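A quick write-up on the structure given underneath.
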Number of protein chains: 2
Amino acid sequence: MCPSRIQLRAGQLLYQQGRPALAVYPLRKGSIKNMFESSLGWRQITSFTLAGDVLGLEAHDSTAHTTSAIALQDASCCVVPVESLRMQMRLPEFRAMVLDTLRRNTERERTLLVAIGSMKAAQRLAMLLLDLAGEHGRRGGGDSLTLAMSRNDIASYLGLTLETVSRLLSRFASAGLITVRHKLLRIVDQGGLAAVYADASHLPDPHGTAARGTVHASRQAA
Amino acid sequence: MCPSRIQLRAGQLLYQQGRPALAVYPLRKGSIKNMFESSLGWRQITSFTLAGDVLGLEAHDSTAHTTSAIALQDASCCVVPVESLRMQMRLPEFRAMVLDTLRRNTERERTLLVAIGSMKAAQRLAMLLLDLAGEHGRRGGGDSLTLAMSRNDIASYLGLTLETVSRLLSRFASAGLITVRHKLLRIVDQGGLAAVYADASHLPDPHGTAARGTVHASRQAA
DNA sequence: CGCAAAATTGATGAATTTCAATACATGTGG
DNA sequence: CCACATGTATTGAAATTCATCAATTTTGCG
């Protein structure tokens with residue numbers, strides 16, 4: 001079904017930021033993290049890509065890759081060389097699909113920017129979990145999913161530290177929103193998570209000590 | 001020199017996120033802030049555009065604007081309808097220029113993401129000031145420039161509060177890095193600012209109390 | 001089985017937000 | 001032109017969130 005195919009082991013690099021983009025890579029199996037490295041050497045995970053999505057599209061018209069792609073687990077993907085892509089791009093509906101994918105990606109990235117820029121840690125994590133669960137569901141997966149990425153990757157993506165992520169997962173669990181067991185995640189109360197996403201004060205305090213719902217609205221209201 | 005032209009007063013909207021993108025707008029005079037609003041209603045300034053840059057390009061191929069553009073001061077820009085743009089895009093060198101602009105913008109946005117996600121407030125502000133000064137210089141401006149945007153806009157852009165921005169500007173000034181007088185900014189010690197950007201511990205403490213250079217490296221080293 | 005990496009949990013501290021009060025600027029109408 | 005009103009900026013003090021440091025625990029792997 002694909003001219004050629006690439007198999008990746010966990011941790012392997014599919015492509016590297018700055019290297020010429022010679023192809024795009026529809027991901028067939030596994031999952032990938034995309035890492036951006038700024039000119040000063042600061043790194044951050046900018047997205048997670050799941051099977052079914054296409055990697056490497058963001059390089060506008062045959063230039064260098066703008067991020068590095070690293071397998072989170074054993075993965076495989078097709079290889080569509082740029083010439084082939086360019087051919088396909090003549091078909092209006094294919095074109096439309098690609099452009100739509102690009103749009104969704106930039107929308108996603110901007111949403112991440114806003115989240116990191118003005119939402120609290122709990123909201124950011126809730127956002128990611130809902131997002132992952134949504135994608136998982138859309139792919140027909142059951143209600144329990146695997147977090148292929150490490151806590152560190154999650155932390156990097158959300159602009160947090162791994163400890164904060166770990167603590168929040170525990171808090172979410174003890175609040176009855178999710179179940180986590182290392183890499184195994186289950187969303188128990190989607191609405192509750194959505195409420196946390198919308199407003200961090202919906203999350204009960206660490207033990208049972210203090211009261212709920214401080215008046216402080218978060219930095220920006222709708 | 002331009003088929004048609006738009007004049008904007010400070011605060012006026014050039015285009016609005018979600019509305020159909022009918023043209024692109026080379027900015028001739030003044031400056032613009034670009035604001036993104038997420039589906040939950042959270043807003044953030046995602047970029048500042050100065051005279052000479054082109055607005056509205058980011059809408060991939062004639063769809064909706066992905067941000068809103070608001071004049072920071074009285075401004076004027078050309079209007080290049082999409083059909084006209086599409087014609088021009090056939091010229092390879094024009095195409096290349098546009099794509100290069102797009103690339104620089106996404107690079108910039110990613111750098112902002114990383115900054116907000118993992119750098120301290122002082123570093124972020126130093127980044128912005130250096131950036132603004134650089135653009136100002138590139139346009140042949142003197143060494144003193146005008147911050148057209150409010151402290152609030154700066155704060156939104158950097159994922160901070162206006163108070164933090166104000167305080168940091170004061171600290172930068174008392175550290176001899178800059179001079180600020182409300183909207184008037186002068187970079188006094190560019191190297192010093194760059195050092196702060198690279199490593200926030202280069203910034204002296206609030207008064208003269210404590211020592212410099214704590215051992216704590218920031219979250220990510222090069 | 002044991003080692004190394006990853007994750008959890010706790011205690012502490014620092015950076016930044018929040019709240020609050022004041023100063024400064026800008027524009028409006030008398 | 002001044003006085004006033006309003007929005008914007010500065011500065012301070014207190015509170016909060018999150019990072020850092022540190023100690024275990026758990027997991028995955030050779």
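If you're wondering about the labels, chains in the structure tokens are A, B, ... by order shown, residues count from 1 in each chain, ligands from 1 in order shown.
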Please identify which residues in region 62-170 of chain A DSSP calls alpha helix (DSSP H) from the backbone, and express them as an NGL selection string.
:A and (82-88 or 92-118 or 121-138 or 151-158 or 162-170)
Polymer residues at most 10 Å from region 180-194 of chain B, only C-alpha atoms (C1' of nucleotides), same-chain spacing of 3 or more positions, as a VMD selection string
(chain B and resid 122 to 123 125 to 127 129 to 130 133 142 to 151 166 169 to 170 172 to 173 175 to 177 197 to 200 202 to 203) or (chain C and resid 24 to 25) or (chain D and resid 8 to 10)
Write the residues of the preceding selection, restricted to N, CA and C atoms (P, O5', C5', C4', C3', O3' and C1' of nucleotides), as a short mmCIF file (atom, residue, chain, number, x, y, z; two decimals), in the first residue's frame.
```
data_model
loop_
_atom_site.label_atom_id
_atom_site.label_comp_id
_atom_site.auth_asym_id
_atom_site.auth_seq_id
_atom_site.Cartn_x
_atom_site.Cartn_y
_atom_site.Cartn_z
N ALA B 122 12.36 37.01 33.22
CA ALA B 122 13.38 37.97 32.78
C ALA B 122 13.94 37.58 31.42
N GLN B 123 14.13 36.30 31.22
CA GLN B 123 14.66 35.85 29.94
C GLN B 123 13.69 36.14 28.82
N LEU B 125 11.38 38.44 28.66
CA LEU B 125 11.30 39.86 28.35
C LEU B 125 12.55 40.32 27.60
N ALA B 126 13.70 39.82 28.03
CA ALA B 126 14.93 40.17 27.33
C ALA B 126 14.84 39.74 25.87
N MET B 127 14.28 38.57 25.66
CA MET B 127 14.10 38.07 24.29
C MET B 127 13.28 39.05 23.46
N LEU B 129 12.65 42.25 23.98
CA LEU B 129 13.31 43.54 23.78
C LEU B 129 14.38 43.44 22.72
N LEU B 130 15.17 42.37 22.77
CA LEU B 130 16.22 42.18 21.77
C LEU B 130 15.60 42.05 20.39
N ALA B 133 14.26 45.44 19.28
CA ALA B 133 15.38 46.32 18.95
C ALA B 133 16.02 45.88 17.63
N GLY B 142 16.90 54.57 14.98
CA GLY B 142 17.97 54.92 15.91
C GLY B 142 18.03 53.92 17.06
N ASP B 143 18.80 54.25 18.09
CA ASP B 143 18.94 53.29 19.17
C ASP B 143 17.86 53.46 20.23
N SER B 144 16.92 54.34 19.97
CA SER B 144 15.84 54.49 20.93
C SER B 144 14.52 54.25 20.20
N LEU B 145 13.70 53.40 20.77
CA LEU B 145 12.49 53.00 20.05
C LEU B 145 11.25 53.11 20.92
N THR B 146 10.11 53.04 20.28
CA THR B 146 8.84 53.20 20.96
C THR B 146 8.11 51.87 21.12
N LEU B 147 7.78 51.56 22.35
CA LEU B 147 6.98 50.37 22.60
C LEU B 147 5.52 50.72 22.30
N ALA B 148 5.08 50.35 21.13
CA ALA B 148 3.73 50.74 20.74
C ALA B 148 2.68 49.99 21.55
N MET B 149 3.03 48.82 22.02
CA MET B 149 2.05 47.98 22.74
C MET B 149 2.04 48.32 24.22
N SER B 150 0.91 48.02 24.87
CA SER B 150 0.81 48.28 26.31
C SER B 150 1.55 47.19 27.08
N ARG B 151 1.77 47.44 28.35
CA ARG B 151 2.39 46.44 29.22
C ARG B 151 1.55 45.17 29.23
N SER B 166 6.21 45.18 34.20
CA SER B 166 6.59 46.50 34.68
C SER B 166 7.79 46.41 35.63
N LEU B 169 10.99 45.56 33.75
CA LEU B 169 11.53 46.70 33.02
C LEU B 169 12.30 47.61 33.99
N SER B 170 11.72 47.81 35.16
CA SER B 170 12.40 48.62 36.17
C SER B 170 13.73 47.98 36.56
N PHE B 172 15.55 45.88 34.83
CA PHE B 172 16.48 46.00 33.71
C PHE B 172 17.11 47.39 33.69
N ALA B 173 16.26 48.37 33.95
CA ALA B 173 16.75 49.74 33.93
C ALA B 173 17.76 49.97 35.05
N ALA B 175 19.53 47.89 36.43
CA ALA B 175 20.74 47.10 36.18
C ALA B 175 21.56 47.72 35.05
N GLY B 176 21.05 48.80 34.50
CA GLY B 176 21.81 49.50 33.47
C GLY B 176 21.72 48.86 32.09
N LEU B 177 20.74 47.98 31.90
CA LEU B 177 20.61 47.32 30.61
C LEU B 177 19.83 48.16 29.61
N TYR B 197 18.99 36.94 28.55
CA TYR B 197 18.19 36.05 27.72
C TYR B 197 18.74 34.62 27.80
N ALA B 198 20.04 34.50 27.73
CA ALA B 198 20.66 33.17 27.76
C ALA B 198 20.58 32.55 29.15
N ASP B 199 20.57 33.38 30.16
CA ASP B 199 20.63 32.86 31.53
C ASP B 199 20.18 33.93 32.51
N ALA B 200 18.98 33.72 33.05
CA ALA B 200 18.36 34.74 33.88
C ALA B 200 19.20 35.12 35.09
N HIS B 202 21.98 36.17 35.27
CA HIS B 202 22.83 37.33 35.01
C HIS B 202 22.17 38.63 35.46
N LEU B 203 20.92 38.53 35.84
CA LEU B 203 20.23 39.76 36.26
C LEU B 203 20.39 39.94 37.76
P DC C 24 4.66 60.67 39.82
"O5'" DC C 24 4.40 60.48 38.27
"C5'" DC C 24 4.59 59.17 37.69
"C4'" DC C 24 3.67 59.02 36.52
"C3'" DC C 24 3.55 60.28 35.66
"O3'" DC C 24 4.23 60.00 34.46
"C1'" DC C 24 1.48 59.13 35.91
P DA C 25 4.21 60.98 33.26
"O5'" DA C 25 2.88 60.50 32.56
"C5'" DA C 25 2.93 59.50 31.55
"C4'" DA C 25 1.60 59.43 30.86
"C3'" DA C 25 1.33 60.58 29.90
"O3'" DA C 25 1.12 60.00 28.63
"C1'" DA C 25 -0.51 60.22 31.36
P DT D 8 -6.11 51.28 28.80
"O5'" DT D 8 -4.61 51.52 29.28
"C5'" DT D 8 -3.98 52.75 28.98
"C4'" DT D 8 -2.74 52.88 29.83
"C3'" DT D 8 -2.04 51.56 30.12
"O3'" DT D 8 -0.72 51.68 29.69
"C1'" DT D 8 -2.30 52.81 32.08
P DA D 9 0.37 50.56 29.97
"O5'" DA D 9 1.10 51.10 31.27
"C5'" DA D 9 1.80 52.33 31.20
"C4'" DA D 9 2.48 52.61 32.53
"C3'" DA D 9 3.39 51.50 33.02
"O3'" DA D 9 4.64 52.09 33.37
"C1'" DA D 9 1.84 52.09 34.71
P DT D 10 5.87 51.19 33.75
"O5'" DT D 10 5.98 51.37 35.33
"C5'" DT D 10 6.12 52.68 35.85
"C4'" DT D 10 5.88 52.67 37.34
"C3'" DT D 10 6.77 51.71 38.13
"O3'" DT D 10 7.60 52.50 38.98
"C1'" DT D 10 4.54 51.63 38.88
#
```
Near-DA21 (chain C) list (12 Å; only C-alpha atoms (C1' of nucleotides); drop same-chain fewer than 4 positions) as a list in words:
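My reading of the contact set: DT10, DT11, DG12 and DA13 of chain D.
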Give me a file of those residues, with N, CA, C and O atoms (P, O5', C5', C4', C3', O3' and C1' of nucleotides), as a short mmCIF file (atom, residue, chain, number, x, y, z; two decimals), in the first residue's frame.
```
data_model
loop_
_atom_site.label_atom_id
_atom_site.label_comp_id
_atom_site.auth_asym_id
_atom_site.auth_seq_id
_atom_site.Cartn_x
_atom_site.Cartn_y
_atom_site.Cartn_z
P DT D 10 5.87 51.19 33.75
"O5'" DT D 10 5.98 51.37 35.33
"C5'" DT D 10 6.12 52.68 35.85
"C4'" DT D 10 5.88 52.67 37.34
"C3'" DT D 10 6.77 51.71 38.13
"O3'" DT D 10 7.60 52.50 38.98
"C1'" DT D 10 4.54 51.63 38.88
P DT D 11 8.90 51.93 39.65
"O5'" DT D 11 8.35 51.38 41.03
"C5'" DT D 11 7.71 52.27 41.93
"C4'" DT D 11 6.98 51.50 42.99
"C3'" DT D 11 7.77 50.35 43.63
"O3'" DT D 11 8.07 50.75 44.96
"C1'" DT D 11 5.49 49.79 43.29
P DG D 12 8.97 49.84 45.91
"O5'" DG D 12 7.86 49.11 46.80
"C5'" DG D 12 6.94 49.91 47.51
"C4'" DG D 12 5.93 49.03 48.22
"C3'" DG D 12 6.53 47.80 48.93
"O3'" DG D 12 6.11 47.84 50.29
"C1'" DG D 12 4.68 47.18 47.57
P DA D 13 6.68 46.83 51.35
"O5'" DA D 13 5.47 45.80 51.48
"C5'" DA D 13 4.15 46.29 51.72
"C4'" DA D 13 3.19 45.12 51.89
"C3'" DA D 13 3.78 43.93 52.65
"O3'" DA D 13 2.74 43.36 53.42
"C1'" DA D 13 3.16 43.24 50.50
#
```
Would you work out the distance separating CA of Val54 (chain B) from CA of Leu14 (chain B), expressed in Å to one decimal?
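Computing the Euclidean distance for CA of Val54 (chain B) and CA of Leu14 (chain B) yields 12.3 Å.
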Polymer residues at most 12 Å from DA3 (chain D), only C-alpha atoms (C1' of nucleotides), same-chain spacing of 5 or more positions, as number ranges by chain
C: 28-30
Output as JSON lines one row per residue of chain A within 9 Å of chain D: the closest atom pair and its distance in Å to one decimal place, counting only C-alpha atoms (C1' of nucleotides), sorted by chain and residue number ascending.
```
{"residue": "A:Lys120", "atom": "CA", "partner": "D:DT17", "partner_atom": "C1'", "distance": 8.4}
{"residue": "A:Ala121", "atom": "CA", "partner": "D:DC18", "partner_atom": "C1'", "distance": 8.3}
{"residue": "A:Leu160", "atom": "CA", "partner": "D:DC18", "partner_atom": "C1'", "distance": 8.2}
{"residue": "A:Thr161", "atom": "CA", "partner": "D:DA19", "partner_atom": "C1'", "distance": 7.3}
{"residue": "A:Glu163", "atom": "CA", "partner": "D:DA19", "partner_atom": "C1'", "distance": 8.8}
{"residue": "A:Thr164", "atom": "CA", "partner": "D:DC18", "partner_atom": "C1'", "distance": 7.4}
{"residue": "A:His182", "atom": "CA", "partner": "D:DT27", "partner_atom": "C1'", "distance": 8.8}
```
Keeping all heavy atoms for every residue in the selection just given, could you write it to a file as a PDB file, in the first residue's frame?
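Everything below was put into selection39.pdb:
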```pdb
ATOM      1  N   LYS A 120      -3.211  27.187  34.346  1.00  0.00           N
ATOM      2  CA  LYS A 120      -2.461  26.551  35.417  1.00  0.00           C
ATOM      3  C   LYS A 120      -2.116  25.122  35.040  1.00  0.00           C
ATOM      4  O   LYS A 120      -2.691  24.547  34.108  1.00  0.00           O
ATOM      5  CB  LYS A 120      -3.292  26.553  36.687  1.00  0.00           C
ATOM      6  CG  LYS A 120      -3.790  27.945  37.023  1.00  0.00           C
ATOM      7  CD  LYS A 120      -3.618  28.246  38.488  1.00  0.00           C
ATOM      8  CE  LYS A 120      -4.743  29.140  38.951  1.00  0.00           C
ATOM      9  NZ  LYS A 120      -4.503  29.699  40.265  1.00  0.00           N
ATOM     10  N   ALA A 121      -1.202  24.572  35.813  1.00  0.00           N
ATOM     11  CA  ALA A 121      -0.684  23.242  35.516  1.00  0.00           C
ATOM     12  C   ALA A 121      -1.808  22.211  35.367  1.00  0.00           C
ATOM     13  O   ALA A 121      -1.818  21.426  34.418  1.00  0.00           O
ATOM     14  CB  ALA A 121       0.283  22.815  36.612  1.00  0.00           C
ATOM     15  N   LEU A 160       6.106  22.149  32.118  1.00  0.00           N
ATOM     16  CA  LEU A 160       6.126  21.847  33.551  1.00  0.00           C
ATOM     17  C   LEU A 160       7.322  20.963  33.852  1.00  0.00           C
ATOM     18  O   LEU A 160       8.155  20.728  32.987  1.00  0.00           O
ATOM     19  CB  LEU A 160       4.834  21.113  33.944  1.00  0.00           C
ATOM     20  CG  LEU A 160       3.516  21.853  33.685  1.00  0.00           C
ATOM     21  CD1 LEU A 160       2.342  20.916  33.871  1.00  0.00           C
ATOM     22  CD2 LEU A 160       3.401  23.046  34.611  1.00  0.00           C
ATOM     23  N   THR A 161       7.397  20.479  35.089  1.00  0.00           N
ATOM     24  CA  THR A 161       8.426  19.500  35.426  1.00  0.00           C
ATOM     25  C   THR A 161       7.766  18.136  35.580  1.00  0.00           C
ATOM     26  O   THR A 161       6.558  18.042  35.808  1.00  0.00           O
ATOM     27  CB  THR A 161       9.117  19.848  36.755  1.00  0.00           C
ATOM     28  OG1 THR A 161       8.134  19.890  37.782  1.00  0.00           O
ATOM     29  CG2 THR A 161       9.838  21.168  36.655  1.00  0.00           C
ATOM     30  N   GLU A 163       7.909  16.120  38.014  1.00  0.00           N
ATOM     31  CA  GLU A 163       7.314  15.945  39.343  1.00  0.00           C
ATOM     32  C   GLU A 163       5.905  16.523  39.386  1.00  0.00           C
ATOM     33  O   GLU A 163       4.990  15.905  39.937  1.00  0.00           O
ATOM     34  CB  GLU A 163       8.174  16.620  40.414  1.00  0.00           C
ATOM     35  CG  GLU A 163       9.530  15.991  40.635  1.00  0.00           C
ATOM     36  CD  GLU A 163      10.614  16.722  39.890  1.00  0.00           C
ATOM     37  OE1 GLU A 163      10.327  17.233  38.789  1.00  0.00           O
ATOM     38  OE2 GLU A 163      11.752  16.776  40.402  1.00  0.00           O
ATOM     39  N   THR A 164       5.758  17.697  38.821  1.00  0.00           N
ATOM     40  CA  THR A 164       4.434  18.322  38.815  1.00  0.00           C
ATOM     41  C   THR A 164       3.432  17.450  38.069  1.00  0.00           C
ATOM     42  O   THR A 164       2.294  17.259  38.513  1.00  0.00           O
ATOM     43  CB  THR A 164       4.498  19.717  38.172  1.00  0.00           C
ATOM     44  OG1 THR A 164       5.407  20.519  38.914  1.00  0.00           O
ATOM     45  CG2 THR A 164       3.142  20.377  38.169  1.00  0.00           C
ATOM     46  N   HIS A 182       1.111   3.974  36.037  1.00  0.00           N
ATOM     47  CA  HIS A 182       2.303   4.139  35.204  1.00  0.00           C
ATOM     48  C   HIS A 182       1.955   4.567  33.772  1.00  0.00           C
ATOM     49  O   HIS A 182       1.728   5.734  33.554  1.00  0.00           O
ATOM     50  CB  HIS A 182       3.163   2.890  35.295  1.00  0.00           C
ATOM     51  CG  HIS A 182       3.415   2.542  36.739  1.00  0.00           C
ATOM     52  ND1 HIS A 182       2.788   1.525  37.386  1.00  0.00           N
ATOM     53  CD2 HIS A 182       4.152   3.161  37.667  1.00  0.00           C
ATOM     54  CE1 HIS A 182       3.164   1.518  38.664  1.00  0.00           C
ATOM     55  NE2 HIS A 182       3.977   2.498  38.840  1.00  0.00           N
TER      56      HIS A 182
END
```
Counting only C-alpha atoms (C1' of nucleotides), which residues of chain C come no farther than 12 Å from chain B, as JSON, numbers by chain?
{"C": [14, 15, 16, 17, 18, 19, 24, 25]}
Which distance in Å separates CA of Gly11 (chain B) and CA of Ser68 (chain B), to one decimal?
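So the two atoms, CA of Gly11 (chain B) and CA of Ser68 (chain B), lie 11.7 Å apart.
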At what distance in Å, to one decimal, does CA of Ala51 (chain A) lie from CA of Arg171 (chain A)?
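Spanning CA of Arg171 (chain A) to CA of Ala51 (chain A) is a straight-line distance of 29.4 Å.
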Residues of chain A within 9 Å of chain B, counting only C-alpha atoms - could you list those as an MDAnalysis selection string?
chainID A and resid 36:46 59:61 66 99:100 102:103 106:107 109:119 156:161 198 219:222
Pick from A:Ala71, A:Val165, A:Leu27, A:Leu50 nearest to Gly134 (chain A), counting only C-alpha atoms
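Distance minimum relative to Gly134 (chain A) lands on A:Leu50.
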DSSP-assigned strand (DSSP E) among region 38-197 of chain A, expressed as a PyMOL selection string:
chain A and resi 43-50+54-55+68-71+75-81+144-146+178-181+184-187
